[in-house]
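upload_17.pdb (PDB, C-alpha atoms, pLDDT in the B column)
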```
MODEL        1
ATOM      1  CA  MET O   1      25.528 148.860  84.124  1.00 38.00           C
ATOM      2  CA  LYS O   2      29.281 148.420  84.659  1.00 40.00           C
ATOM      3  CA  LEU O   3      28.606 145.416  86.903  1.00 37.00           C
ATOM      4  CA  LEU O   4      26.477 143.794  84.207  1.00 32.00           C
ATOM      5  CA  ALA O   5      29.196 144.371  81.594  1.00 35.00           C
ATOM      6  CA  ILE O   6      31.849 142.857  83.886  1.00 36.00           C
ATOM      7  CA  ALA O   7      29.650 139.835  84.643  1.00 35.00           C
ATOM      8  CA  LEU O   8      28.960 139.299  80.944  1.00 34.00           C
ATOM      9  CA  LEU O   9      32.667 139.575  80.062  1.00 37.00           C
ATOM     10  CA  SER O  10      33.564 137.112  82.836  1.00 41.00           C
ATOM     11  CA  THR O  11      30.959 134.646  81.600  1.00 41.00           C
ATOM     12  CA  LEU O  12      32.209 134.869  78.031  1.00 43.00           C
ATOM     13  CA  THR O  13      35.825 134.420  79.126  1.00 46.00           C
ATOM     14  CA  LEU O  14      35.007 131.415  81.331  1.00 48.00           C
ATOM     15  CA  GLY O  15      32.880 129.887  78.569  1.00 48.00           C
ATOM     16  CA  THR O  16      35.755 130.158  76.101  1.00 46.00           C
ATOM     17  CA  ALA O  17      38.219 128.514  78.500  1.00 46.00           C
ATOM     18  CA  THR O  18      35.792 125.682  79.185  1.00 47.00           C
ATOM     19  CA  ALA O  19      35.102 125.205  75.483  1.00 49.00           C
ATOM     20  CA  ASN O  20      38.832 124.938  74.698  1.00 51.00           C
ATOM     21  CA  ALA O  21      39.406 122.242  77.306  1.00 51.00           C
ATOM     22  CA  ALA O  22      36.363 120.335  76.073  1.00 52.00           C
ATOM     23  CA  THR O  23      37.828 119.876  72.564  1.00 80.00           C
ATOM     24  CA  TYR O  24      40.163 117.150  73.845  1.00 89.00           C
ATOM     25  CA  LYS O  25      39.061 113.632  74.715  1.00 93.00           C
ATOM     26  CA  PHE O  26      41.047 112.108  77.567  1.00 94.00           C
ATOM     27  CA  VAL O  27      41.212 108.327  77.806  1.00 93.00           C
ATOM     28  CA  ALA O  28      42.516 106.689  80.979  1.00 93.00           C
ATOM     29  CA  ALA O  29      45.360 104.212  80.528  1.00 93.00           C
ATOM     30  CA  ASP O  30      44.283 102.551  83.799  1.00 95.00           C
ATOM     31  CA  ASN O  31      41.543 102.790  86.437  1.00 94.00           C
ATOM     32  CA  SER O  32      43.557 104.512  89.155  1.00 95.00           C
ATOM     33  CA  LYS O  33      42.263 107.522  91.078  1.00 95.00           C
ATOM     34  CA  THR O  34      45.459 109.374  90.169  1.00 96.00           C
ATOM     35  CA  THR O  35      44.697 108.964  86.467  1.00 96.00           C
ATOM     36  CA  GLN O  36      41.176 110.246  87.152  1.00 96.00           C
ATOM     37  CA  LEU O  37      42.804 113.240  88.841  1.00 97.00           C
ATOM     38  CA  CYS O  38      44.821 113.979  85.699  1.00 96.00           C
ATOM     39  CA  ILE O  39      41.742 113.668  83.494  1.00 97.00           C
ATOM     40  CA  ALA O  40      39.761 116.037  85.738  1.00 97.00           C
ATOM     41  CA  ALA O  41      42.626 118.550  85.641  1.00 97.00           C
ATOM     42  CA  GLY O  42      43.031 118.357  81.855  1.00 97.00           C
ATOM     43  CA  SER O  43      39.267 118.541  81.304  1.00 96.00           C
ATOM     44  CA  ASN O  44      38.981 121.711  83.407  1.00 97.00           C
ATOM     45  CA  LYS O  45      36.616 120.022  85.879  1.00 97.00           C
ATOM     46  CA  LEU O  46      37.655 121.700  89.112  1.00 97.00           C
ATOM     47  CA  MET O  47      34.982 120.163  91.359  1.00 98.00           C
ATOM     48  CA  GLN O  48      35.788 116.670  90.074  1.00 98.00           C
ATOM     49  CA  TYR O  49      39.498 117.375  90.624  1.00 98.00           C
ATOM     50  CA  ARG O  50      38.922 118.487  94.231  1.00 98.00           C
ATOM     51  CA  THR O  51      36.640 115.512  94.962  1.00 97.00           C
ATOM     52  CA  THR O  52      39.226 113.069  93.582  1.00 97.00           C
ATOM     53  CA  VAL O  53      41.980 114.640  95.707  1.00 97.00           C
ATOM     54  CA  LYS O  54      39.814 114.009  98.787  1.00 97.00           C
ATOM     55  CA  GLU O  55      39.079 110.430  97.670  1.00 96.00           C
ATOM     56  CA  LEU O  56      42.830 109.824  97.358  1.00 95.00           C
ATOM     57  CA  GLY O  57      43.250 110.953 100.958  1.00 96.00           C
ATOM     58  CA  VAL O  58      45.978 113.466 100.153  1.00 96.00           C
ATOM     59  CA  THR O  59      46.204 117.233 100.362  1.00 96.00           C
ATOM     60  CA  GLU O  60      45.942 119.525  97.366  1.00 96.00           C
ATOM     61  CA  ARG O  61      49.503 120.660  98.089  1.00 96.00           C
ATOM     62  CA  TYR O  62      50.737 117.060  97.930  1.00 96.00           C
ATOM     63  CA  SER O  63      48.958 116.322  94.640  1.00 96.00           C
ATOM     64  CA  ALA O  64      50.082 119.613  93.073  1.00 96.00           C
ATOM     65  CA  ASN O  65      53.718 118.851  93.875  1.00 96.00           C
ATOM     66  CA  THR O  66      53.919 115.106  93.246  1.00 95.00           C
ATOM     67  CA  VAL O  67      51.421 114.026  90.568  1.00 96.00           C
ATOM     68  CA  THR O  68      52.693 113.918  87.005  1.00 95.00           C
ATOM     69  CA  CYS O  69      50.433 113.328  84.026  1.00 95.00           C
ATOM     70  CA  ASN O  70      51.985 112.122  80.772  1.00 94.00           C
ATOM     71  CA  GLY O  71      55.397 113.206  82.063  1.00 94.00           C
ATOM     72  CA  ALA O  72      54.410 116.738  83.121  1.00 95.00           C
ATOM     73  CA  ASN O  73      53.418 118.093  86.510  1.00 95.00           C
ATOM     74  CA  ILE O  74      49.646 118.191  86.840  1.00 96.00           C
ATOM     75  CA  ALA O  75      49.351 122.009  86.605  1.00 96.00           C
ATOM     76  CA  SER O  76      51.403 122.119  83.392  1.00 95.00           C
ATOM     77  CA  PHE O  77      49.382 119.206  82.008  1.00 96.00           C
ATOM     78  CA  ALA O  78      46.138 121.116  82.630  1.00 96.00           C
ATOM     79  CA  ALA O  79      47.551 124.297  81.078  1.00 96.00           C
ATOM     80  CA  LYS O  80      48.781 122.401  78.021  1.00 95.00           C
ATOM     81  CA  TYR O  81      45.184 121.458  77.235  1.00 95.00           C
ATOM     82  CA  ASP O  82      43.782 124.940  77.960  1.00 95.00           C
ATOM     83  CA  ALA O  83      42.221 123.901  81.269  1.00 96.00           C
ATOM     84  CA  MET O  84      43.186 127.215  82.826  1.00 96.00           C
ATOM     85  CA  ARG O  85      40.647 127.115  85.653  1.00 97.00           C
ATOM     86  CA  THR O  86      42.107 123.927  87.117  1.00 97.00           C
ATOM     87  CA  ALA O  87      45.683 124.908  86.247  1.00 97.00           C
ATOM     88  CA  LYS O  88      45.397 128.177  88.163  1.00 96.00           C
ATOM     89  CA  HIS O  89      43.823 126.402  91.137  1.00 97.00           C
ATOM     90  CA  ILE O  90      46.517 123.717  91.243  1.00 97.00           C
ATOM     91  CA  ASN O  91      49.291 126.314  90.952  1.00 95.00           C
ATOM     92  CA  LYS O  92      48.127 127.931  94.201  1.00 94.00           C
ATOM     93  CA  PHE O  93      49.440 124.815  95.954  1.00 95.00           C
ATOM     94  CA  ARG O  94      52.747 124.382  94.104  1.00 93.00           C
ATOM     95  CA  ARG O  95      56.065 125.092  95.806  1.00 89.00           C
ATOM     96  CA  GLY O  96      58.262 127.755  94.270  1.00 73.00           C
ATOM     97  CA  SER O  97      57.205 130.195  91.615  1.00 52.00           C
ATOM     98  CA  VAL O  98      55.116 128.858  88.764  1.00 51.00           C
ATOM     99  CA  ALA O  99      53.714 130.924  85.948  1.00 52.00           C
ATOM    100  CA  ILE O 100      51.133 129.896  83.386  1.00 51.00           C
ATOM    101  CA  THR O 101      50.764 131.938  80.252  1.00 49.00           C
ATOM    102  CA  ASP O 102      47.412 131.697  78.512  1.00 46.00           C
ATOM    103  CA  LEU O 103      48.248 132.043  74.824  1.00 46.00           C
ATOM    104  CA  ALA O 104      45.907 131.797  71.866  1.00 45.00           C
ATOM    105  CA  LEU O 105      46.267 128.573  69.928  1.00 45.00           C
ATOM    106  CA  SER O 106      48.484 128.853  66.876  1.00 42.00           C
ATOM    107  CA  LYS O 107      47.357 127.459  63.508  1.00 44.00           C
ATOM    108  CA  GLU O 108      49.572 124.437  64.133  1.00 46.00           C
ATOM    109  CA  ASN O 109      47.897 123.681  67.463  1.00 46.00           C
ATOM    110  CA  LYS O 110      44.360 124.213  66.120  1.00 47.00           C
ATOM    111  CA  ALA O 111      44.832 121.180  63.880  1.00 47.00           C
ATOM    112  CA  ASN O 112      45.322 119.054  67.021  1.00 51.00           C
ATOM    113  CA  ASP O 113      42.143 120.247  68.809  1.00 53.00           C
ATOM    114  CA  ASP O 114      40.184 117.009  68.424  1.00 61.00           C
ATOM    115  CA  LYS O 115      42.990 114.571  69.278  1.00 76.00           C
ATOM    116  CA  VAL O 116      42.438 111.813  71.766  1.00 83.00           C
ATOM    117  CA  ILE O 117      44.883 112.062  74.676  1.00 83.00           C
ATOM    118  CA  ILE O 118      45.877 108.828  76.437  1.00 84.00           C
ATOM    119  CA  VAL O 119      46.538 109.767  80.065  1.00 83.00           C
ATOM    120  CA  THR O 120      49.198 107.957  82.075  1.00 79.00           C
ATOM    121  CA  VAL O 121      50.511 108.671  85.527  1.00 76.00           C
ATOM    122  CA  ASN O 122      54.191 108.385  86.405  1.00 69.00           C
TER     123      ASN O 122
ENDMDL
END
```

Would you write the structure of this file as structure tokens?
Amino acid sequence: MKLLAIALLSTLTLGTATANAATYKFVAADNSKTTQLCIAAGSNKLMQYRTTVKELGVTERYSANTVTCNGANIASFAAKYDAMRTAKHINKFRRGSVAITDLALSKENKANDDKVIIVTVN
């Protein structure tokens, strides 16, 4: 019974994180693979993120430490848009200590849920 309760709680938690990331619409400023990488990270699409890293021919460590999306490192970009699954994965490959705090959206941020985000890569 405990196992069922834990599995149910995990499913609900994961579903909430995925739903939050899905409220944003990311639009690519160009057709580069690196921009696609940022969109996958911000959209909480871990498998797409990992596939794009491989298509770029770089390591996950390299992308985690060098790719910036809209002026922020890729892990922070993902966390900003509540894509915690990809943010946590990317942070495993970052140098130094990085912490992501998963905070509930404030009333001010809830108003911005349906904004379109133009994604650029620096």

Review point. Quick one: residues within 10 Å of Lys25 of chain O, only C-alpha atoms counted, chain neighbours fewer than 6 positions away excluded, as a PyMOL selection string?
Key: chain O and resi 39+42-43+113-119

Writer output for current selection, C-alpha atoms, as an mmCIF file, in the frame of the given file:
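Output (result.cif):
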```
data_model
loop_
_atom_site.group_PDB
_atom_site.id
_atom_site.type_symbol
_atom_site.label_atom_id
_atom_site.label_comp_id
_atom_site.auth_asym_id
_atom_site.auth_seq_id
_atom_site.Cartn_x
_atom_site.Cartn_y
_atom_site.Cartn_z
ATOM 1 C CA ILE O 39 41.742 113.668 83.494
ATOM 2 C CA GLY O 42 43.031 118.357 81.855
ATOM 3 C CA SER O 43 39.267 118.541 81.304
ATOM 4 C CA ASP O 113 42.143 120.247 68.809
ATOM 5 C CA ASP O 114 40.184 117.009 68.424
ATOM 6 C CA LYS O 115 42.990 114.571 69.278
ATOM 7 C CA VAL O 116 42.438 111.813 71.766
ATOM 8 C CA ILE O 117 44.883 112.062 74.676
ATOM 9 C CA ILE O 118 45.877 108.828 76.437
ATOM 10 C CA VAL O 119 46.538 109.767 80.065
#
```

Point to revise | Neighbour list for Ala64 of chain O as a PyMOL selection string, cut-off 12 Å, only C-alpha atoms, skip fewer than 3 positions in-chain | key: chain O and resi 34+37-38+41+49-50+53+58-61+67-69+72-78+86-96+98

Exercise for review: Just give me the gap between atom CA of Val121 of chain O and atom CA of Tyr62 of chain O in Å, one decimal is fine.
Suggested key: 15.0 Å

Segment 40-47 of chain O, all listed atoms, 3 Å padding on each side: what axis-aligned box centre and edge lengths in Å to one decimal come out, as JSON?
```
{"center_x": 39.0, "center_y": 118.9, "center_z": 86.3, "size_x": 14.0, "size_y": 11.7, "size_z": 16.1}
```

**Study point:** From O:Ser63, O:Thr35, O:Asn44, O:Thr52, residue lying nearest Thr23 of chain O [only C-alpha atoms]
**Key:**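 Comparing O:Ser63, O:Thr35, O:Asn44, O:Thr52 against Thr23 of chain O, the winner is O:Asn44.
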
Point to revise | Å distance separating atom CA of Tyr81 of chain O from atom CA of Tyr24 of chain O, one decimal place | key: 7.4 Å

Exercise for review: Could you please determine the separation between atom CA of Glu55 of chain O and atom CA of Met84 of chain O in Å, to one decimal place?
Suggested key: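 Those two atoms sit 22.8 Å apart.
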
Incomplete segment 46-80 of chain O brought to N, CA and C atoms, written out as a short mmCIF file (atom, residue, chain, number, x, y, z; two decimals), in the frame of the given file:
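Here's the written file out-v1.cif:
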```
data_model
loop_
_atom_site.label_atom_id
_atom_site.label_comp_id
_atom_site.auth_asym_id
_atom_site.auth_seq_id
_atom_site.Cartn_x
_atom_site.Cartn_y
_atom_site.Cartn_z
N LEU O 46 37.08 121.38 87.81
CA LEU O 46 37.66 121.70 89.11
C LEU O 46 36.98 120.94 90.25
N MET O 47 35.68 120.87 90.27
CA MET O 47 34.98 120.16 91.36
C MET O 47 35.34 118.68 91.36
N GLN O 48 35.40 118.08 90.18
CA GLN O 48 35.79 116.67 90.07
C GLN O 48 37.23 116.49 90.54
N TYR O 49 38.10 117.42 90.19
CA TYR O 49 39.50 117.38 90.62
C TYR O 49 39.56 117.39 92.15
N ARG O 50 38.87 118.34 92.77
CA ARG O 50 38.92 118.49 94.23
C ARG O 50 38.32 117.26 94.93
N THR O 51 37.25 116.72 94.39
CA THR O 51 36.64 115.51 94.96
C THR O 51 37.60 114.33 94.88
N THR O 52 38.29 114.19 93.76
CA THR O 52 39.23 113.07 93.58
C THR O 52 40.42 113.20 94.52
N VAL O 53 40.89 114.42 94.75
CA VAL O 53 41.98 114.64 95.71
C VAL O 53 41.54 114.13 97.08
N LYS O 54 40.33 114.47 97.49
CA LYS O 54 39.81 114.01 98.79
C LYS O 54 39.68 112.49 98.83
N GLU O 55 39.21 111.89 97.74
CA GLU O 55 39.08 110.43 97.67
C GLU O 55 40.44 109.74 97.78
N LEU O 56 41.47 110.38 97.26
CA LEU O 56 42.83 109.82 97.36
C LEU O 56 43.37 109.91 98.78
N GLY O 57 42.79 110.79 99.58
CA GLY O 57 43.25 110.95 100.96
C GLY O 57 44.55 111.73 101.08
N VAL O 58 44.78 112.62 100.12
CA VAL O 58 45.98 113.47 100.15
C VAL O 58 45.55 114.93 100.16
N THR O 59 46.50 115.80 100.40
CA THR O 59 46.20 117.23 100.36
C THR O 59 46.36 117.76 98.93
N GLU O 60 45.78 118.91 98.69
CA GLU O 60 45.94 119.52 97.37
C GLU O 60 47.40 119.92 97.14
N ARG O 61 48.09 120.33 98.20
CA ARG O 61 49.50 120.66 98.09
C ARG O 61 50.31 119.44 97.66
N TYR O 62 50.03 118.29 98.27
CA TYR O 62 50.74 117.06 97.93
C TYR O 62 50.51 116.69 96.46
N SER O 63 49.24 116.71 96.02
CA SER O 63 48.96 116.32 94.64
C SER O 63 49.57 117.31 93.65
N ALA O 64 49.53 118.59 93.97
CA ALA O 64 50.08 119.61 93.07
C ALA O 64 51.60 119.46 92.90
N ASN O 65 52.26 118.94 93.91
CA ASN O 65 53.72 118.85 93.88
C ASN O 65 54.26 117.47 93.53
N THR O 66 53.41 116.45 93.50
CA THR O 66 53.92 115.11 93.25
C THR O 66 53.30 114.40 92.04
N VAL O 67 52.09 114.74 91.67
CA VAL O 67 51.42 114.03 90.57
C VAL O 67 51.94 114.53 89.23
N THR O 68 52.32 113.59 88.38
CA THR O 68 52.69 113.92 87.00
C THR O 68 51.76 113.19 86.05
N CYS O 69 51.35 113.88 85.03
CA CYS O 69 50.43 113.33 84.03
C CYS O 69 51.14 113.37 82.67
N ASN O 70 51.28 112.22 82.06
CA ASN O 70 51.98 112.12 80.77
C ASN O 70 53.35 112.82 80.81
N GLY O 71 54.04 112.68 81.93
CA GLY O 71 55.40 113.21 82.06
C GLY O 71 55.51 114.65 82.50
N ALA O 72 54.39 115.33 82.70
CA ALA O 72 54.41 116.74 83.12
C ALA O 72 53.73 116.87 84.48
N ASN O 73 54.13 117.90 85.26
CA ASN O 73 53.42 118.09 86.51
C ASN O 73 51.97 118.42 86.18
N ILE O 74 51.08 118.14 87.11
CA ILE O 74 49.65 118.19 86.84
C ILE O 74 49.16 119.58 86.43
N ALA O 75 49.75 120.65 86.99
CA ALA O 75 49.35 122.01 86.60
C ALA O 75 49.75 122.30 85.16
N SER O 76 50.95 121.91 84.77
CA SER O 76 51.40 122.12 83.39
C SER O 76 50.58 121.29 82.42
N PHE O 77 50.23 120.06 82.83
CA PHE O 77 49.38 119.21 82.01
C PHE O 77 48.04 119.89 81.74
N ALA O 78 47.42 120.43 82.78
CA ALA O 78 46.14 121.12 82.63
C ALA O 78 46.29 122.33 81.71
N ALA O 79 47.34 123.11 81.90
CA ALA O 79 47.55 124.30 81.08
C ALA O 79 47.80 123.93 79.62
N LYS O 80 48.49 122.83 79.39
CA LYS O 80 48.78 122.40 78.02
C LYS O 80 47.50 122.18 77.22
#
```
